[in-house]
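Colleague: Contents of protein_36.tsv (TSV, C-alpha atoms) are given next:
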```
chain	number	residue	atom	x	y	z
A	1	MET	CA	-19.63	14.27	-0.69
A	2	ARG	CA	-19.32	12.28	2.51
A	3	ARG	CA	-22.28	10.68	4.17
A	4	THR	CA	-22.77	9.15	7.60
A	5	ILE	CA	-24.25	5.66	7.71
A	6	GLY	CA	-27.81	5.60	8.91
A	7	GLN	CA	-29.45	3.14	11.26
A	8	GLY	CA	-31.01	1.14	8.45
A	9	GLU	CA	-27.68	0.41	6.75
A	10	ALA	CA	-24.79	-1.86	7.65
A	11	ARG	CA	-22.29	0.12	9.66
A	12	THR	CA	-18.98	1.22	8.22
A	13	LEU	CA	-16.25	1.54	10.83
A	14	LEU	CA	-12.72	2.92	10.87
A	15	VAL	CA	-9.86	0.47	11.39
A	16	GLY	CA	-6.19	1.31	11.67
A	17	ASP	CA	-2.79	-0.32	12.08
A	18	VAL	CA	-0.20	2.19	13.26
A	19	GLY	CA	3.41	1.20	13.85
A	20	GLY	CA	6.68	2.97	14.40
A	21	THR	CA	7.17	3.62	10.68
A	22	ASN	CA	3.86	3.38	8.80
A	23	ALA	CA	0.20	4.13	9.42
A	24	ARG	CA	-2.46	2.11	7.61
A	25	PHE	CA	-6.17	2.84	7.66
A	26	ALA	CA	-9.29	1.43	6.01
A	27	LEU	CA	-13.05	1.43	6.23
A	28	ALA	CA	-14.55	-1.89	7.29
A	29	ARG	CA	-17.92	-3.51	6.79
A	30	MET	CA	-19.10	-6.95	7.89
A	31	ILE	CA	-20.31	-9.09	4.97
A	32	ASP	CA	-21.54	-12.64	5.57
A	33	GLY	CA	-19.73	-12.78	8.89
A	34	ARG	CA	-16.34	-11.70	7.49
A	35	PRO	CA	-14.78	-8.23	7.58
A	36	LEU	CA	-14.51	-6.46	4.23
A	37	LEU	CA	-11.90	-3.71	3.98
A	38	GLU	CA	-12.35	-0.75	1.63
A	39	HIS	CA	-10.71	2.61	0.94
A	40	HIS	CA	-7.22	1.54	2.09
A	41	GLU	CA	-4.60	4.16	2.69
A	42	SER	CA	-1.02	3.81	3.92
A	43	PHE	CA	1.52	6.54	4.58
A	44	PRO	CA	4.71	7.10	6.58
A	45	ALA	CA	3.82	8.13	10.13
A	46	GLU	CA	6.19	11.09	9.85
A	47	THR	CA	3.87	12.58	7.18
A	48	HIS	CA	1.73	14.05	9.97
A	49	PRO	CA	3.01	15.70	13.16
A	50	THR	CA	0.49	13.99	15.46
A	51	PHE	CA	-1.55	10.81	15.58
A	52	LEU	CA	-4.77	12.83	15.54
A	53	ASP	CA	-3.68	14.68	12.39
A	54	GLY	CA	-3.03	11.39	10.63
A	55	VAL	CA	-6.44	9.97	11.52
A	56	ARG	CA	-8.18	13.24	10.62
A	57	ALA	CA	-6.49	13.31	7.21
A	58	PHE	CA	-7.74	9.80	6.44
A	59	VAL	CA	-11.28	10.38	7.71
A	60	ASP	CA	-11.58	13.65	5.79
A	61	GLY	CA	-10.79	11.78	2.58
A	62	CYS	CA	-13.32	9.00	3.14
A	63	PRO	CA	-16.41	8.80	0.89
A	64	VAL	CA	-18.33	7.56	3.93
A	65	LYS	CA	-17.60	9.06	7.34
A	66	PRO	CA	-17.14	6.37	9.98
A	67	ASP	CA	-18.60	7.12	13.40
A	68	GLY	CA	-16.64	4.55	15.36
A	69	GLY	CA	-13.86	2.01	15.06
A	70	VAL	CA	-10.81	0.24	16.40
A	71	LEU	CA	-7.20	1.36	15.92
A	72	ALA	CA	-4.33	-1.07	16.47
A	73	VAL	CA	-1.17	0.65	17.70
A	74	ALA	CA	2.40	-0.46	18.42
A	75	GLY	CA	2.62	0.01	22.16
A	76	PRO	CA	0.89	-0.82	25.45
A	77	ILE	CA	-2.55	0.70	26.04
A	78	THR	CA	-3.00	2.24	29.49
A	79	ASP	CA	-6.37	3.70	30.51
A	80	GLY	CA	-7.36	4.14	26.87
A	81	ALA	CA	-4.15	5.98	25.92
A	82	VAL	CA	-0.91	5.04	24.18
A	83	ASP	CA	2.56	6.49	23.73
A	84	LEU	CA	3.87	4.50	20.76
A	85	THR	CA	7.05	2.61	21.61
A	86	ASN	CA	9.09	3.43	18.50
A	87	SER	CA	7.40	6.66	17.43
A	88	PRO	CA	6.88	10.18	18.82
A	89	TRP	CA	3.14	9.77	18.25
A	90	ARG	CA	0.74	9.45	21.17
A	91	THR	CA	-3.05	9.53	21.43
A	92	SER	CA	-6.05	8.49	23.52
A	93	GLU	CA	-9.57	7.27	22.92
A	94	THR	CA	-10.85	10.53	24.40
A	95	GLU	CA	-8.83	12.56	21.90
A	96	LEU	CA	-10.03	10.44	18.98
A	97	GLN	CA	-13.65	11.00	20.00
A	98	THR	CA	-13.21	14.67	19.02
A	99	LEU	CA	-13.27	13.43	15.40
A	100	GLY	CA	-16.76	12.05	15.88
A	101	LEU	CA	-15.54	8.52	16.47
A	102	ASN	CA	-17.64	7.14	19.29
A	103	PRO	CA	-17.24	4.41	20.27
A	104	VAL	CA	-13.56	4.16	19.39
A	105	ARG	CA	-11.08	1.75	20.91
A	106	LEU	CA	-7.29	1.42	20.92
A	107	ILE	CA	-5.77	-2.06	20.98
A	108	ASN	CA	-2.21	-3.37	20.66
A	109	ASP	CA	-1.13	-4.01	17.05
A	110	PHE	CA	-0.16	-7.63	17.68
A	111	GLU	CA	-3.40	-8.22	19.56
A	112	ALA	CA	-5.10	-7.20	16.31
A	113	LEU	CA	-2.81	-9.56	14.37
A	114	ALA	CA	-3.78	-12.42	16.68
A	115	TRP	CA	-7.45	-11.81	15.82
A	116	GLY	CA	-6.62	-11.42	12.13
A	117	ALA	CA	-4.33	-14.45	11.79
A	118	ALA	CA	-7.29	-16.81	12.11
A	119	LEU	CA	-8.79	-15.23	8.98
A	120	VAL	CA	-5.66	-15.62	6.83
A	121	THR	CA	-5.53	-18.83	4.79
A	122	GLY	CA	-4.23	-20.41	1.59
A	123	PRO	CA	-1.91	-18.29	-0.56
A	124	GLU	CA	-1.88	-15.55	2.10
A	125	LEU	CA	0.36	-17.84	4.20
A	126	ALA	CA	3.84	-19.21	3.48
A	127	SER	CA	4.94	-22.31	5.37
A	128	LEU	CA	8.22	-22.37	7.27
A	129	GLY	CA	7.84	-26.02	8.21
A	130	GLY	CA	5.77	-28.36	10.29
A	131	PRO	CA	2.36	-29.88	9.57
A	132	ALA	CA	-0.24	-28.16	7.40
A	133	GLU	CA	-2.52	-27.56	10.39
A	134	GLY	CA	-2.19	-27.46	14.15
A	135	ASP	CA	-4.62	-28.31	16.94
A	136	PRO	CA	-7.79	-26.29	16.14
A	137	HIS	CA	-8.64	-25.97	19.84
A	138	ALA	CA	-5.19	-24.84	20.99
A	139	ALA	CA	-3.74	-21.35	21.15
A	140	ILE	CA	-1.96	-19.74	18.24
A	141	ALA	CA	0.97	-17.36	18.65
A	142	VAL	CA	1.71	-14.34	16.45
A	143	LEU	CA	5.07	-12.62	16.55
A	144	GLY	CA	7.40	-10.79	14.28
A	145	PRO	CA	10.04	-8.22	13.51
A	146	GLY	CA	9.46	-4.83	11.92
A	147	THR	CA	10.45	-1.47	13.35
A	148	GLY	CA	10.16	-3.31	16.69
A	149	PHE	CA	9.31	-6.87	17.71
A	150	GLY	CA	5.71	-7.76	18.56
A	151	VAL	CA	4.18	-10.75	20.31
A	152	SER	CA	0.64	-11.90	20.98
A	153	ALA	CA	-1.45	-15.06	21.21
A	154	LEU	CA	-5.03	-16.06	20.50
A	155	VAL	CA	-6.21	-18.41	23.23
A	156	ARG	CA	-8.90	-20.90	22.13
A	157	ASP	CA	-10.89	-23.64	23.85
A	158	SER	CA	-12.94	-26.64	22.73
A	159	HIS	CA	-16.18	-24.61	22.96
A	160	GLY	CA	-15.10	-22.13	20.30
A	161	ASN	CA	-14.29	-19.33	22.74
A	162	GLU	CA	-11.37	-17.08	21.81
A	163	VAL	CA	-9.51	-14.21	23.43
A	164	ALA	CA	-6.47	-12.34	22.14
A	165	MET	CA	-3.71	-11.57	24.58
A	166	PRO	CA	-2.00	-8.18	24.32
A	167	SER	CA	1.67	-8.51	25.16
A	168	GLU	CA	4.99	-6.72	25.29
A	169	GLY	CA	6.88	-9.98	24.84
A	170	GLY	CA	9.34	-8.39	22.43
A	171	HIS	CA	10.90	-6.69	25.43
A	172	ALA	CA	11.59	-9.96	27.27
A	173	CYS	CA	15.27	-10.81	27.74
A	174	PHE	CA	17.26	-12.24	24.86
A	175	ALA	CA	18.56	-15.74	25.63
A	176	ALA	CA	21.81	-16.80	23.95
A	177	ASN	CA	21.89	-20.38	22.66
A	178	ASP	CA	25.48	-20.95	21.56
A	179	ALA	CA	28.98	-19.52	22.01
A	180	VAL	CA	28.55	-16.91	19.25
A	181	GLU	CA	25.34	-15.66	20.79
A	182	ASP	CA	27.07	-15.54	24.18
A	183	GLU	CA	29.52	-13.07	22.62
A	184	ILE	CA	26.73	-11.11	20.90
A	185	LEU	CA	24.98	-10.78	24.26
A	186	ARG	CA	28.19	-9.67	25.97
A	187	ILE	CA	28.81	-6.98	23.32
A	188	LEU	CA	25.25	-5.63	23.41
A	189	ARG	CA	25.20	-5.67	27.19
A	190	ARG	CA	28.06	-3.15	27.16
A	191	ARG	CA	25.81	-0.79	25.25
A	192	TYR	CA	22.37	-1.44	26.70
A	193	GLY	CA	22.89	-3.11	30.07
A	194	ARG	CA	19.79	-5.26	29.74
A	195	VAL	CA	19.40	-6.83	26.27
A	196	SER	CA	15.87	-7.55	25.09
A	197	ILE	CA	14.75	-9.61	22.09
A	198	GLU	CA	13.92	-6.37	20.26
A	199	ARG	CA	17.55	-5.23	20.49
A	200	LEU	CA	18.33	-7.99	17.96
A	201	ILE	CA	15.18	-9.07	16.13
A	202	CYS	CA	13.82	-6.03	14.31
A	203	GLY	CA	15.13	-3.54	11.73
A	204	PRO	CA	17.43	-1.60	14.09
A	205	GLY	CA	18.25	-4.90	15.82
A	206	LEU	CA	19.59	-6.30	12.55
A	207	LEU	CA	22.12	-3.47	12.54
A	208	ASN	CA	23.06	-4.24	16.17
A	209	LEU	CA	23.55	-7.88	15.23
A	210	HIS	CA	25.68	-7.03	12.19
A	211	ARG	CA	27.99	-4.78	14.19
A	212	ALA	CA	28.35	-7.35	16.97
A	213	LEU	CA	29.28	-10.09	14.50
A	214	ALA	CA	31.79	-7.76	12.84
A	215	GLU	CA	33.42	-7.13	16.23
A	216	ILE	CA	33.57	-10.85	16.95
A	217	ASP	CA	35.25	-11.45	13.57
A	218	GLY	CA	37.61	-8.49	13.99
A	219	ARG	CA	36.14	-6.70	10.97
A	220	GLN	CA	35.09	-3.10	10.40
A	221	SER	CA	31.49	-2.40	9.40
A	222	HIS	CA	30.39	0.92	7.96
A	223	ILE	CA	26.78	-0.03	7.19
A	224	GLU	CA	24.29	2.36	8.80
A	225	ASP	CA	21.05	1.15	7.16
A	226	PRO	CA	19.63	-2.31	7.99
A	227	ALA	CA	17.98	-2.41	4.55
A	228	LEU	CA	21.48	-2.59	3.02
A	229	ILE	CA	22.20	-5.69	5.09
A	230	THR	CA	19.16	-7.54	3.76
A	231	THR	CA	19.85	-6.39	0.19
A	232	GLU	CA	23.43	-7.68	0.21
A	233	ALA	CA	22.46	-10.86	2.05
A	234	LEU	CA	19.84	-11.72	-0.57
A	235	GLU	CA	22.32	-11.00	-3.38
A	236	ASN	CA	25.21	-12.87	-1.75
A	237	PRO	CA	24.25	-15.26	1.08
A	238	ASN	CA	27.96	-16.07	1.62
A	239	SER	CA	28.82	-12.45	2.46
A	240	PRO	CA	29.16	-11.06	5.99
A	241	CYS	CA	25.66	-9.60	5.53
A	242	GLY	CA	24.46	-13.09	4.59
A	243	ALA	CA	25.94	-14.42	7.84
A	244	THR	CA	24.16	-11.67	9.76
A	245	LEU	CA	20.80	-12.43	8.19
A	246	ALA	CA	21.26	-16.19	8.73
A	247	ARG	CA	21.95	-15.54	12.43
A	248	PHE	CA	18.93	-13.21	12.54
A	249	CYS	CA	16.70	-15.99	11.15
A	250	ALA	CA	18.17	-18.56	13.53
A	251	ILE	CA	17.51	-16.36	16.56
A	252	LEU	CA	13.99	-15.62	15.25
A	253	GLY	CA	13.36	-19.38	15.10
A	254	CYS	CA	14.61	-19.87	18.63
A	255	VAL	CA	12.50	-16.99	19.96
A	256	ALA	CA	9.43	-18.26	18.07
A	257	GLY	CA	9.90	-21.66	19.68
A	258	ASP	CA	10.20	-20.13	23.14
A	259	ILE	CA	7.00	-18.17	22.60
A	260	ALA	CA	5.22	-21.31	21.35
A	261	LEU	CA	6.23	-23.09	24.56
A	262	THR	CA	5.24	-20.12	26.72
A	263	THR	CA	1.78	-19.72	25.19
A	264	GLY	CA	1.06	-23.39	24.46
A	265	ALA	CA	0.62	-22.48	20.79
A	266	ARG	CA	-0.04	-25.97	19.46
A	267	GLY	CA	-2.48	-24.38	17.00
A	268	GLY	CA	0.38	-22.79	15.11
A	269	VAL	CA	2.90	-19.97	15.10
A	270	TYR	CA	2.49	-17.06	12.69
A	271	ILE	CA	5.36	-14.75	11.76
A	272	ALA	CA	4.13	-11.23	11.00
A	273	GLY	CA	5.79	-7.84	10.57
A	274	GLY	CA	7.43	-6.20	7.60
A	275	ILE	CA	10.73	-8.08	7.44
A	276	ALA	CA	9.78	-11.76	7.05
A	277	PRO	CA	7.87	-11.44	3.74
A	278	ARG	CA	10.75	-9.48	2.20
A	279	ILE	CA	13.32	-12.18	3.03
A	280	LEU	CA	11.02	-15.18	2.56
A	281	PRO	CA	13.22	-17.40	0.31
A	282	PHE	CA	16.22	-16.74	2.56
A	283	LEU	CA	14.12	-17.42	5.68
A	284	LYS	CA	12.86	-20.73	4.29
A	285	ALA	CA	16.43	-21.87	3.60
A	286	SER	CA	17.74	-20.60	6.96
A	287	PRO	CA	18.14	-22.43	10.30
A	288	PHE	CA	14.77	-20.95	11.43
A	289	ARG	CA	12.82	-24.22	11.66
A	290	GLU	CA	15.75	-26.24	13.03
A	291	ARG	CA	16.19	-23.72	15.85
A	292	PHE	CA	12.42	-23.59	16.39
A	293	GLU	CA	12.30	-27.34	17.00
A	294	ARG	CA	15.54	-27.57	19.01
A	295	LYS	CA	13.97	-27.57	22.47
A	296	GLY	CA	15.59	-30.59	24.11
A	297	ARG	CA	13.02	-32.86	25.74
A	298	TYR	CA	10.23	-30.96	23.98
A	299	GLU	CA	11.41	-31.53	20.41
A	300	ASP	CA	8.47	-33.85	19.62
A	301	TYR	CA	6.09	-31.20	20.96
A	302	MET	CA	7.64	-28.59	18.65
A	303	VAL	CA	7.70	-30.80	15.53
A	304	ALA	CA	3.88	-30.94	15.63
A	305	ILE	CA	3.47	-27.13	15.52
A	306	PRO	CA	3.09	-25.48	12.09
A	307	THR	CA	5.01	-22.27	11.41
A	308	ASN	CA	3.85	-19.80	8.76
A	309	VAL	CA	4.61	-16.29	7.53
A	310	ILE	CA	1.59	-14.02	7.12
A	311	LEU	CA	1.69	-12.54	3.61
A	312	HIS	CA	-1.63	-10.69	3.84
A	313	LYS	CA	-0.74	-7.00	3.97
A	314	HIS	CA	-3.76	-6.04	6.03
A	315	ALA	CA	-4.05	-8.87	8.56
A	316	ALA	CA	-3.95	-6.41	11.47
A	317	LEU	CA	-6.74	-4.36	9.88
A	318	LEU	CA	-8.82	-7.53	9.55
A	319	GLY	CA	-8.20	-8.23	13.23
A	320	ALA	CA	-9.12	-4.67	14.22
A	321	ALA	CA	-12.33	-5.00	12.18
A	322	ARG	CA	-13.14	-8.29	13.88
A	323	VAL	CA	-12.81	-6.60	17.28
A	324	ALA	CA	-14.82	-3.57	16.14
A	325	PHE	CA	-17.78	-5.60	14.94
A	326	THR	CA	-17.67	-7.97	17.90
A	327	LYS	CA	-18.10	-4.92	20.14
A	328	GLU	CA	-21.03	-3.82	17.98
A	329	ASN	CA	-22.98	-7.04	18.67
```
Just give me the structure as structure tokens.
Modeller:
Amino acid sequence: MRRTIGQGEARTLLVGDVGGTNARFALARMIDGRPLLEHHESFPAETHPTFLDGVRAFVDGCPVKPDGGVLAVAGPITDGAVDLTNSPWRTSETELQTLGLNPVRLINDFEALAWGAALVTGPELASLGGPAEGDPHAAIAVLGPGTGFGVSALVRDSHGNEVAMPSEGGHACFAANDAVEDEILRILRRRYGRVSIERLICGPGLLNLHRALAEIDGRQSHIEDPALITTEALENPNSPCGATLARFCAILGCVAGDIALTTGARGGVYIAGGIAPRILPFLKASPFRERFERKGRYEDYMVAIPTNVILHKHAALLGAARVAFTKEN
């Protein structure tokens, strides 16, 4: 039987992380100043026809009914509403209140990751190069490929103040950095006109990249699933799929470096999303870090910035919980 938390008990709030492919939910409590996540559930977004149905299904199965919370979603929030970028789902804070969630807040998924990254330490991180720690008073950047490509930053000052920056940086223009990438850009421009980072650095982008490289090499490619590219690349790094994934990692490094420069992320750069953990050994051996540091006159600046992959599966939920309980105080 469900129960609603009373005033004399620590509150339990709903937190969510909803992307173009998967929806993740949990109940959150604050214990000794740190969010504790319980009753996790993850399912493909397509399991439910609407966003509201997905949230309702989770809440109905909870042993404790939350009466408020924060949901991180993959898309820009406008007037408390979102139309997810890579999903047919849409929702609003007003709609979610019909489930008894009040207050409830929608935030960008990478904004949540920026808040959560500061809580992820030790074995929950995998280094991609650079020093063990960055400047503790400088901004950190969080970015990464999944169904799409997300970007955010956590801005910090010497007084301990922090603010996470929601962003749609994944839709900034892709910048080619060598002759091969000039050709990739030319090929993708025929199809899309304007070519954003997300057209290359995400799951569907990996397929775009593979087809462009095949055209450059004069080869045929019949692969239709980006997962097959990563599988073959990990099995045979010297294959055409291996070349695609190596180029993917190189471009990711270059983009990560550009975002570090743009946000002043001397505190560190964190790679999130579903792809990086799955290709971690390949990514570590790739040109990622070399391309990250290759910034001309600013190479020394880049060398001092640590780069890490977030391995914690629920970092965005931790960030959403951090926001939820900050709003409670």
Colleague: Fewer than 6 positions away in the same chain doesn't count, so skip those; otherwise give me all residues within 12 Å of Asp53 of chain A, counting all atoms listed in the file, as a list in words.
Modeller: Ala23, Ala45, Glu46, Thr47, Val59, Asp60, Trp89, Arg90, Thr91, Glu95, Leu96, Thr98 and Leu99 of chain A
Colleague: How many Å lie between atom CA of Tyr301 of chain A and atom CA of Ile197 of chain A, rounded to one decimal?
Modeller: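 Calculated distance between atom CA of Tyr301 of chain A and atom CA of Ile197 of chain A is 23.3 Å.
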Colleague: How many Å separate atom CA of Ser92 of chain A from atom CA of Ala117 of chain A?
Modeller: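 Atom CA of Ala117 of chain A lies at a distance of 25.8 Å from atom CA of Ser92 of chain A.
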Colleague: For a cutoff of 6 Å around the file-coordinate point (9.7, -25.5, 11.7), which residues qualify once you count all atoms listed in the file? I'd like the result as a JSON list (two decimals) with C-alpha atoms, keeping the file's coordinate frame.
Modeller:
```json
[["chain", "number", "residue", "atom", "x", "y", "z"],
["A", 128, "LEU", "CA", 8.22, -22.37, 7.27],
["A", 129, "GLY", "CA", 7.84, -26.02, 8.21],
["A", 130, "GLY", "CA", 5.77, -28.36, 10.29],
["A", 289, "ARG", "CA", 12.82, -24.22, 11.66],
["A", 292, "PHE", "CA", 12.42, -23.59, 16.39],
["A", 307, "THR", "CA", 5.01, -22.27, 11.41]]
```
Colleague: So that I can check the surroundings of segment 145-153 of chain A, please list as a list of chain:residue names every protein, DNA and RNA residue that reaches within 7 Å of it, counting all atoms listed in the file and ignoring chain neighbours fewer than 3 positions away.
Modeller: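 Using all atoms listed in the file, the neighbours found are A:Gly20, A:Thr21, A:Phe110, A:Glu111, A:Ala114, A:Ala139, A:Ile140, A:Ala141, A:Val142, A:Ala164, A:Met165, A:Pro166, A:Ser167, A:Glu168, A:Gly169, A:Gly170, A:Glu198, A:Ile201, A:Cys202, A:Gly203, A:Thr263, A:Gly273, A:Gly274, A:Ile275.
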Colleague: May I have the protein, DNA and RNA residues with any atom at most 12 Å from the point (-4.1, -0.4, 10.7), counting all atoms listed in the file, written as a ChimeraX atom specification?
Modeller: /A:14-28,37,40-43,45,54-55,58,69-74,106-113,116,313-321
